[in-house]
$ cat my_file16.tsv   # TSV, C-alpha atoms
chain	number	residue	atom	x	y	z
A	164	MET	CA	0.00	0.00	0.00
A	165	ILE	CA	2.80	2.42	0.91
A	166	SER	CA	4.67	1.86	-2.36
A	167	GLY	CA	1.41	2.44	-4.25
A	168	GLN	CA	1.00	5.76	-2.46
A	169	PHE	CA	4.43	6.90	-3.63
A	170	ALA	CA	3.51	5.89	-7.17
A	171	ARG	CA	0.17	7.77	-7.13
A	172	PRO	CA	-0.66	9.44	-3.80
A	173	ARG	CA	-4.31	9.67	-2.76
A	174	GLY	CA	-6.38	10.49	0.31
A	175	LEU	CA	-5.02	11.46	3.72
A	176	LEU	CA	-2.06	9.10	3.45
A	177	GLY	CA	-1.29	10.62	0.06
A	178	ARG	CA	-1.08	14.08	1.60
A	179	LEU	CA	1.43	12.77	4.15
A	180	VAL	CA	3.39	11.08	1.37
A	181	GLY	CA	3.51	14.42	-0.45
A	182	ARG	CA	5.11	16.09	2.56
A	183	THR	CA	7.64	13.27	2.78
A	184	MET	CA	8.47	13.64	-0.91
A	185	ALA	CA	8.99	17.39	-0.53
A	186	ARG	CA	11.48	16.86	2.27
A	187	HIS	CA	13.45	13.82	1.06
A	188	ASN	CA	13.63	14.78	-2.63
A	189	ALA	CA	14.70	18.39	-2.10
A	190	VAL	CA	18.42	17.92	-2.79
A	191	LEU	CA	17.81	15.88	-5.94
A	192	THR	CA	15.13	18.30	-7.17
A	193	HIS	CA	17.60	21.19	-6.95
A	194	ARG	CA	20.18	19.15	-8.92
A	195	VAL	CA	17.66	18.32	-11.63
A	196	VAL	CA	16.46	21.90	-12.09
A	197	ALA	CA	20.03	23.23	-12.14
A	198	ALA	CA	20.96	20.64	-14.78
A	199	LEU	CA	18.49	22.15	-17.25
A	200	GLY	CA	20.65	25.30	-17.55
A	201	LEU	CA	17.64	27.57	-18.05
A	202	ARG	CA	17.90	31.10	-19.50
A	203	GLY	CA	14.58	32.28	-18.06
A	204	ASP	CA	12.22	32.35	-21.04
A	205	GLU	CA	11.71	28.66	-21.86
A	206	THR	CA	8.71	26.37	-21.66
A	207	VAL	CA	9.50	23.51	-19.28
A	208	VAL	CA	7.48	20.42	-18.38
A	209	GLU	CA	7.97	18.56	-15.11
A	210	PHE	CA	6.44	15.10	-15.10
A	211	GLY	CA	5.17	13.86	-11.76
A	212	PRO	CA	5.91	17.06	-9.83
A	213	GLY	CA	4.20	15.69	-6.73
A	214	PRO	CA	3.89	18.39	-4.06
A	215	GLY	CA	5.34	21.06	-6.36
A	216	VAL	CA	8.82	21.76	-5.01
A	217	GLY	CA	10.34	21.46	-8.48
A	218	LEU	CA	7.58	23.52	-10.07
A	219	ARG	CA	8.31	26.35	-7.64
A	220	LEU	CA	12.04	26.21	-8.42
A	221	LEU	CA	11.31	26.18	-12.14
A	222	ALA	CA	8.94	29.15	-11.90
A	223	GLU	CA	11.56	31.11	-9.97
A	224	ALA	CA	14.12	30.32	-12.69
A	225	LEU	CA	11.70	31.24	-15.51
A	226	PRO	CA	10.47	34.81	-14.95
A	227	ASP	CA	9.62	35.08	-18.65
A	228	GLY	CA	8.82	31.43	-19.26
A	229	ARG	CA	6.13	28.85	-18.70
A	230	VAL	CA	6.04	25.80	-16.41
A	231	ILE	CA	3.73	22.82	-16.94
A	232	GLY	CA	3.33	20.15	-14.28
A	233	VAL	CA	1.97	16.84	-15.59
A	234	GLU	CA	0.55	15.04	-12.54
A	235	PRO	CA	-2.11	12.29	-12.43
A	236	SER	CA	-2.71	12.46	-8.65
A	237	PRO	CA	-5.41	14.97	-7.56
A	238	VAL	CA	-3.86	15.10	-4.08
A	239	MET	CA	-0.49	16.08	-5.50
A	240	ARG	CA	-2.02	18.61	-7.90
A	241	ARG	CA	-3.65	20.34	-4.94
A	242	GLN	CA	-0.38	20.48	-3.01
A	243	ALA	CA	1.50	21.71	-6.07
A	244	ALA	CA	-1.15	24.37	-6.74
A	245	GLY	CA	-0.72	25.67	-3.21
A	246	ARG	CA	3.06	25.90	-3.59
A	247	THR	CA	2.89	27.72	-6.93
A	248	ARG	CA	-0.18	29.96	-6.54
A	249	ARG	CA	1.90	33.13	-6.36
A	250	PHE	CA	3.19	32.56	-9.90
A	251	GLY	CA	-0.29	32.85	-11.43
A	252	ASP	CA	-0.79	31.51	-14.92
A	253	ARG	CA	2.95	30.98	-15.49
A	254	VAL	CA	2.46	27.56	-13.84
A	255	GLU	CA	-0.12	25.14	-15.25
A	256	LEU	CA	-1.06	21.76	-13.81
A	257	VAL	CA	-2.30	19.03	-16.16
A	258	ASP	CA	-4.02	15.75	-15.24
A	259	ALA	CA	-2.04	13.31	-17.39
A	260	THR	CA	1.02	11.06	-17.53
A	261	ALA	CA	4.08	10.97	-19.78
A	262	ALA	CA	2.24	8.51	-22.02
A	263	THR	CA	-1.03	10.47	-22.24
A	264	VAL	CA	-0.04	14.15	-22.14
A	265	GLY	CA	-1.67	16.05	-24.98
A	266	LEU	CA	0.79	18.89	-25.53
A	267	PRO	CA	1.74	19.72	-29.13
A	268	ALA	CA	4.84	18.17	-30.68
A	269	GLU	CA	8.03	20.25	-30.46
A	270	SER	CA	6.40	22.77	-28.11
A	271	VAL	CA	8.71	22.33	-25.10
A	272	ASP	CA	12.30	23.45	-24.46
A	273	ALA	CA	13.09	21.21	-21.50
A	274	VAL	CA	11.65	18.27	-19.58
A	275	CYS	CA	12.44	16.98	-16.11
A	276	ALA	CA	11.22	14.42	-13.60
A	277	VAL	CA	12.24	13.44	-10.08
A	278	ASN	CA	11.69	9.91	-8.77
A	279	ASN	CA	9.02	8.84	-11.23
A	280	VAL	CA	10.54	7.92	-14.61
A	281	GLN	CA	10.99	4.40	-13.21
A	282	LEU	CA	7.18	4.20	-12.87
A	283	TRP	CA	6.30	5.23	-16.43
A	284	GLN	CA	4.16	2.61	-18.12
A	285	PRO	CA	4.95	1.66	-20.80
A	286	LEU	CA	8.42	3.17	-20.47
A	287	ALA	CA	9.47	3.00	-24.13
A	288	ALA	CA	6.30	4.68	-25.40
A	289	SER	CA	6.44	7.30	-22.64
A	290	LEU	CA	10.03	8.26	-23.45
A	291	ALA	CA	9.18	8.44	-27.14
A	292	ARG	CA	6.29	10.77	-26.35
A	293	VAL	CA	8.56	13.00	-24.25
A	294	ALA	CA	11.07	13.17	-27.09
A	295	GLN	CA	8.25	14.15	-29.44
A	296	LEU	CA	7.25	17.05	-27.17
A	297	LEU	CA	10.76	18.49	-27.10
A	298	ARG	CA	12.09	20.82	-29.74
A	299	PRO	CA	15.21	19.45	-31.49
A	300	GLY	CA	18.09	20.05	-29.11
A	301	GLY	CA	15.73	20.32	-26.15
A	302	VAL	CA	17.09	19.29	-22.75
A	303	VAL	CA	16.00	16.46	-20.47
A	304	ALA	CA	17.00	15.79	-16.85
A	305	PHE	CA	15.80	12.86	-14.76
A	306	GLY	CA	16.60	12.33	-11.08
A	307	VAL	CA	16.09	8.99	-9.31
A	308	THR	CA	17.11	7.96	-5.80
A	309	GLU	CA	18.26	4.44	-5.02
A	310	HIS	CA	15.20	4.04	-2.77
A	311	ALA	CA	12.63	5.11	-5.40
A	312	VAL	CA	9.78	2.60	-5.71
A	313	LEU	CA	9.27	0.42	-8.77
A	314	PRO	CA	5.88	-0.62	-10.19
A	315	ASP	CA	6.23	-4.03	-8.52
A	316	GLY	CA	6.92	-2.48	-5.12
A	317	GLY	CA	10.69	-3.00	-5.10
A	318	SER	CA	13.36	-0.30	-5.09
A	319	VAL	CA	15.43	1.10	-7.94
A	320	GLY	CA	18.82	0.28	-6.41
A	321	ARG	CA	22.14	1.34	-7.92
A	322	GLY	CA	21.81	-0.23	-11.38
A	323	PHE	CA	18.92	1.77	-12.76
A	324	ASP	CA	21.06	3.88	-15.09
A	325	SER	CA	22.16	0.77	-17.00
A	326	ALA	CA	18.50	-0.01	-17.71
A	327	LEU	CA	17.40	3.55	-18.47
A	328	MET	CA	20.20	4.79	-20.73
A	329	PRO	CA	19.58	2.36	-23.64
A	330	GLN	CA	15.87	3.21	-23.52
A	331	LEU	CA	16.68	6.91	-23.79
A	332	THR	CA	18.97	6.30	-26.75
A	333	ARG	CA	16.28	4.33	-28.55
A	334	ALA	CA	13.76	7.12	-27.85
A	335	GLY	CA	15.96	9.64	-29.70
A	336	PHE	CA	18.01	11.27	-26.93
A	337	THR	CA	21.70	12.01	-27.28
A	338	ASP	CA	24.60	13.55	-25.28
A	339	LEU	CA	23.54	11.36	-22.36
A	340	THR	CA	25.31	11.35	-18.99
A	341	ALA	CA	24.49	9.53	-15.75
A	342	VAL	CA	26.04	10.47	-12.39
A	343	TRP	CA	25.37	8.99	-8.96
A	344	GLN	CA	26.19	10.99	-5.84
A	345	PRO	CA	25.07	11.12	-2.19
A	346	GLY	CA	21.98	13.24	-1.56
A	347	GLY	CA	19.05	13.69	0.75
A	348	ASN	CA	17.71	10.17	0.18
A	349	GLY	CA	20.75	7.91	-0.16
A	350	GLU	CA	22.64	7.69	-3.46
A	351	GLU	CA	20.92	9.73	-6.15
A	352	LEU	CA	21.17	9.43	-9.93
A	353	LEU	CA	21.07	12.41	-12.28
A	354	VAL	CA	20.60	11.62	-15.97
A	355	GLU	CA	20.99	14.43	-18.52
A	356	GLY	CA	20.56	14.50	-22.28
A	357	ARG	CA	19.10	16.22	-25.31
A	358	ARG	CA	16.64	15.40	-28.02
A	359	ALA	CA	18.65	14.72	-31.13
A	360	HIS	CA	18.80	17.50	-33.72
A	361	ARG	CA	17.30	16.71	-37.08
A	362	HIS	CA	19.76	15.50	-39.66
A	363	ALA	CA	20.07	17.49	-42.87
A	364	THR	CA	18.34	15.85	-45.82

$ encode --input "my_file16.tsv" --output "structure tokens"
Amino acid sequence: MISGQFARPRGLLGRLVGRTMARHNAVLTHRVVAALGLRGDETVVEFGPGPGVGLRLLAEALPDGRVIGVEPSPVMRRQAAGRTRRFGDRVELVDATAATVGLPAESVDAVCAVNNVQLWQPLAASLARVAQLLRPGGVVAFGVTEHAVLPDGGSVGRGFDSALMPQLTRAGFTDLTAVWQPGGNGEELLVEGRRAHRHAT
């Protein structure tokens, strides 16, 4: 039950899970947002923003940009809305997943996610959809802690990058790097990359 709440929080327990996420994922969330290298005028999507810590950081970094949080949990959308209310319509929350989001192709400059890419179902189709949303050369940053839950209730562990990187390559991402380092929730993985530029024809 607990692992299911971290995958898609709901009810009173979901609200408590949201507070736990905000605290334990803070260090990794800062790393992920910093990795995007934002200028301040981009459109950025965060998938699974949970309680909205990353959305707030993104909005602060994008005074002339737009932030979209794609979050299927109503409990988390409410928490995120509370954290980002002061930014007005620069922050938008969407009820969807990476596989179902309906944003136009090549409409986004950067994409990020903290502790949820390992839950995307199906992963290959979800990554392909994310690549489709990004403009050529657009940036992606994923953060995952070693304790992040998997769909079957297990934990990611320290080998997740070896499973994720080939999937990202097949989805059309390039310039990929993966770095583990200690953080606020054990060892934490930061994966960075770009959507491949179109080849000249």

$ residues_near_point --input "my_file16.tsv" --point "(14.7, 13.9, -11.8)" --cutoff "10 Å" --atoms "all atoms listed in the file" --output "JSON, numbers by chain"
{"A": [188, 191, 192, 193, 194, 195, 196, 198, 209, 210, 211, 212, 217, 274, 275, 276, 277, 278, 279, 280, 303, 304, 305, 306, 307, 308, 351, 352, 353, 354, 355]}

$ residues_around --input "my_file16.tsv" --residues "Ala262 in chain A" --least-positions-apart "3" --cutoff "10 Å" --atoms "all atoms listed in the file" --output "list of chain:residue names"
A:Ala259, A:Gly265, A:Trp283, A:Gln284, A:Pro285, A:Leu286, A:Ala287, A:Ala288, A:Ser289, A:Leu290, A:Ala291, A:Arg292, A:Val293

$ atom_distance --input "my_file16.tsv" --atom1 "CA of Asp258 in chain A" --atom2 "CA of Ala294 in chain A"
19.4 Å

$ residues_around --input "my_file16.tsv" --residues "Gly300 in chain A" --least-positions-apart "2" --cutoff "7 Å" --atoms "all atoms listed in the file" --output "PDB file with C-alpha atoms, in the frame of the given file"
ATOM      1  CA  ARG A 298      12.090  20.820 -29.740  1.00  0.00           C
ATOM      2  CA  VAL A 302      17.090  19.290 -22.750  1.00  0.00           C
ATOM      3  CA  ARG A 357      19.100  16.220 -25.310  1.00  0.00           C
ATOM      4  CA  ARG A 358      16.640  15.400 -28.020  1.00  0.00           C
ATOM      5  CA  ALA A 359      18.650  14.720 -31.130  1.00  0.00           C
ATOM      6  CA  HIS A 360      18.800  17.500 -33.720  1.00  0.00           C
TER       7      HIS A 360
END

$ axis_aligned_box --input "my_file16.tsv" --around "range 316-325 of chain A" --padding-each-side "4 Å" --output "AutoDock Vina command-line options"
--center_x 14.5 --center_y 0.4 --center_z -11.0 --size_x 23.2 --size_y 14.9 --size_z 19.9

$ atom_distance --input "my_file16.tsv" --atom1 "CA of Asp338 in chain A" --atom2 "CA of Leu296 in chain A"
17.8 Å

$ atom_distance --input "my_file16.tsv" --atom1 "CA of Pro214 in chain A" --atom2 "CA of Val257 in chain A"
13.6 Å

$ residues_near_point --input "my_file16.tsv" --point "(20.8, 2.0, -13.3)" --cutoff "12 Å" --atoms "all atoms listed in the file" --output "ChimeraX atom specification"
/A:280-281,306-309,311,318-330,340-343,350-354

$ closest_residue --input "my_file16.tsv" --among "A:Ala273, A:Leu256, A:Val208, A:Leu339" --to "Ser236 in chain A" --atoms "only C-alpha atoms"
A:Leu256

$ closest_residue --input "my_file16.tsv" --among "A:Gly232, A:Phe336, A:Glu223, A:Ala197" --to "Arg249 in chain A" --atoms "all atoms listed in the file"
A:Glu223
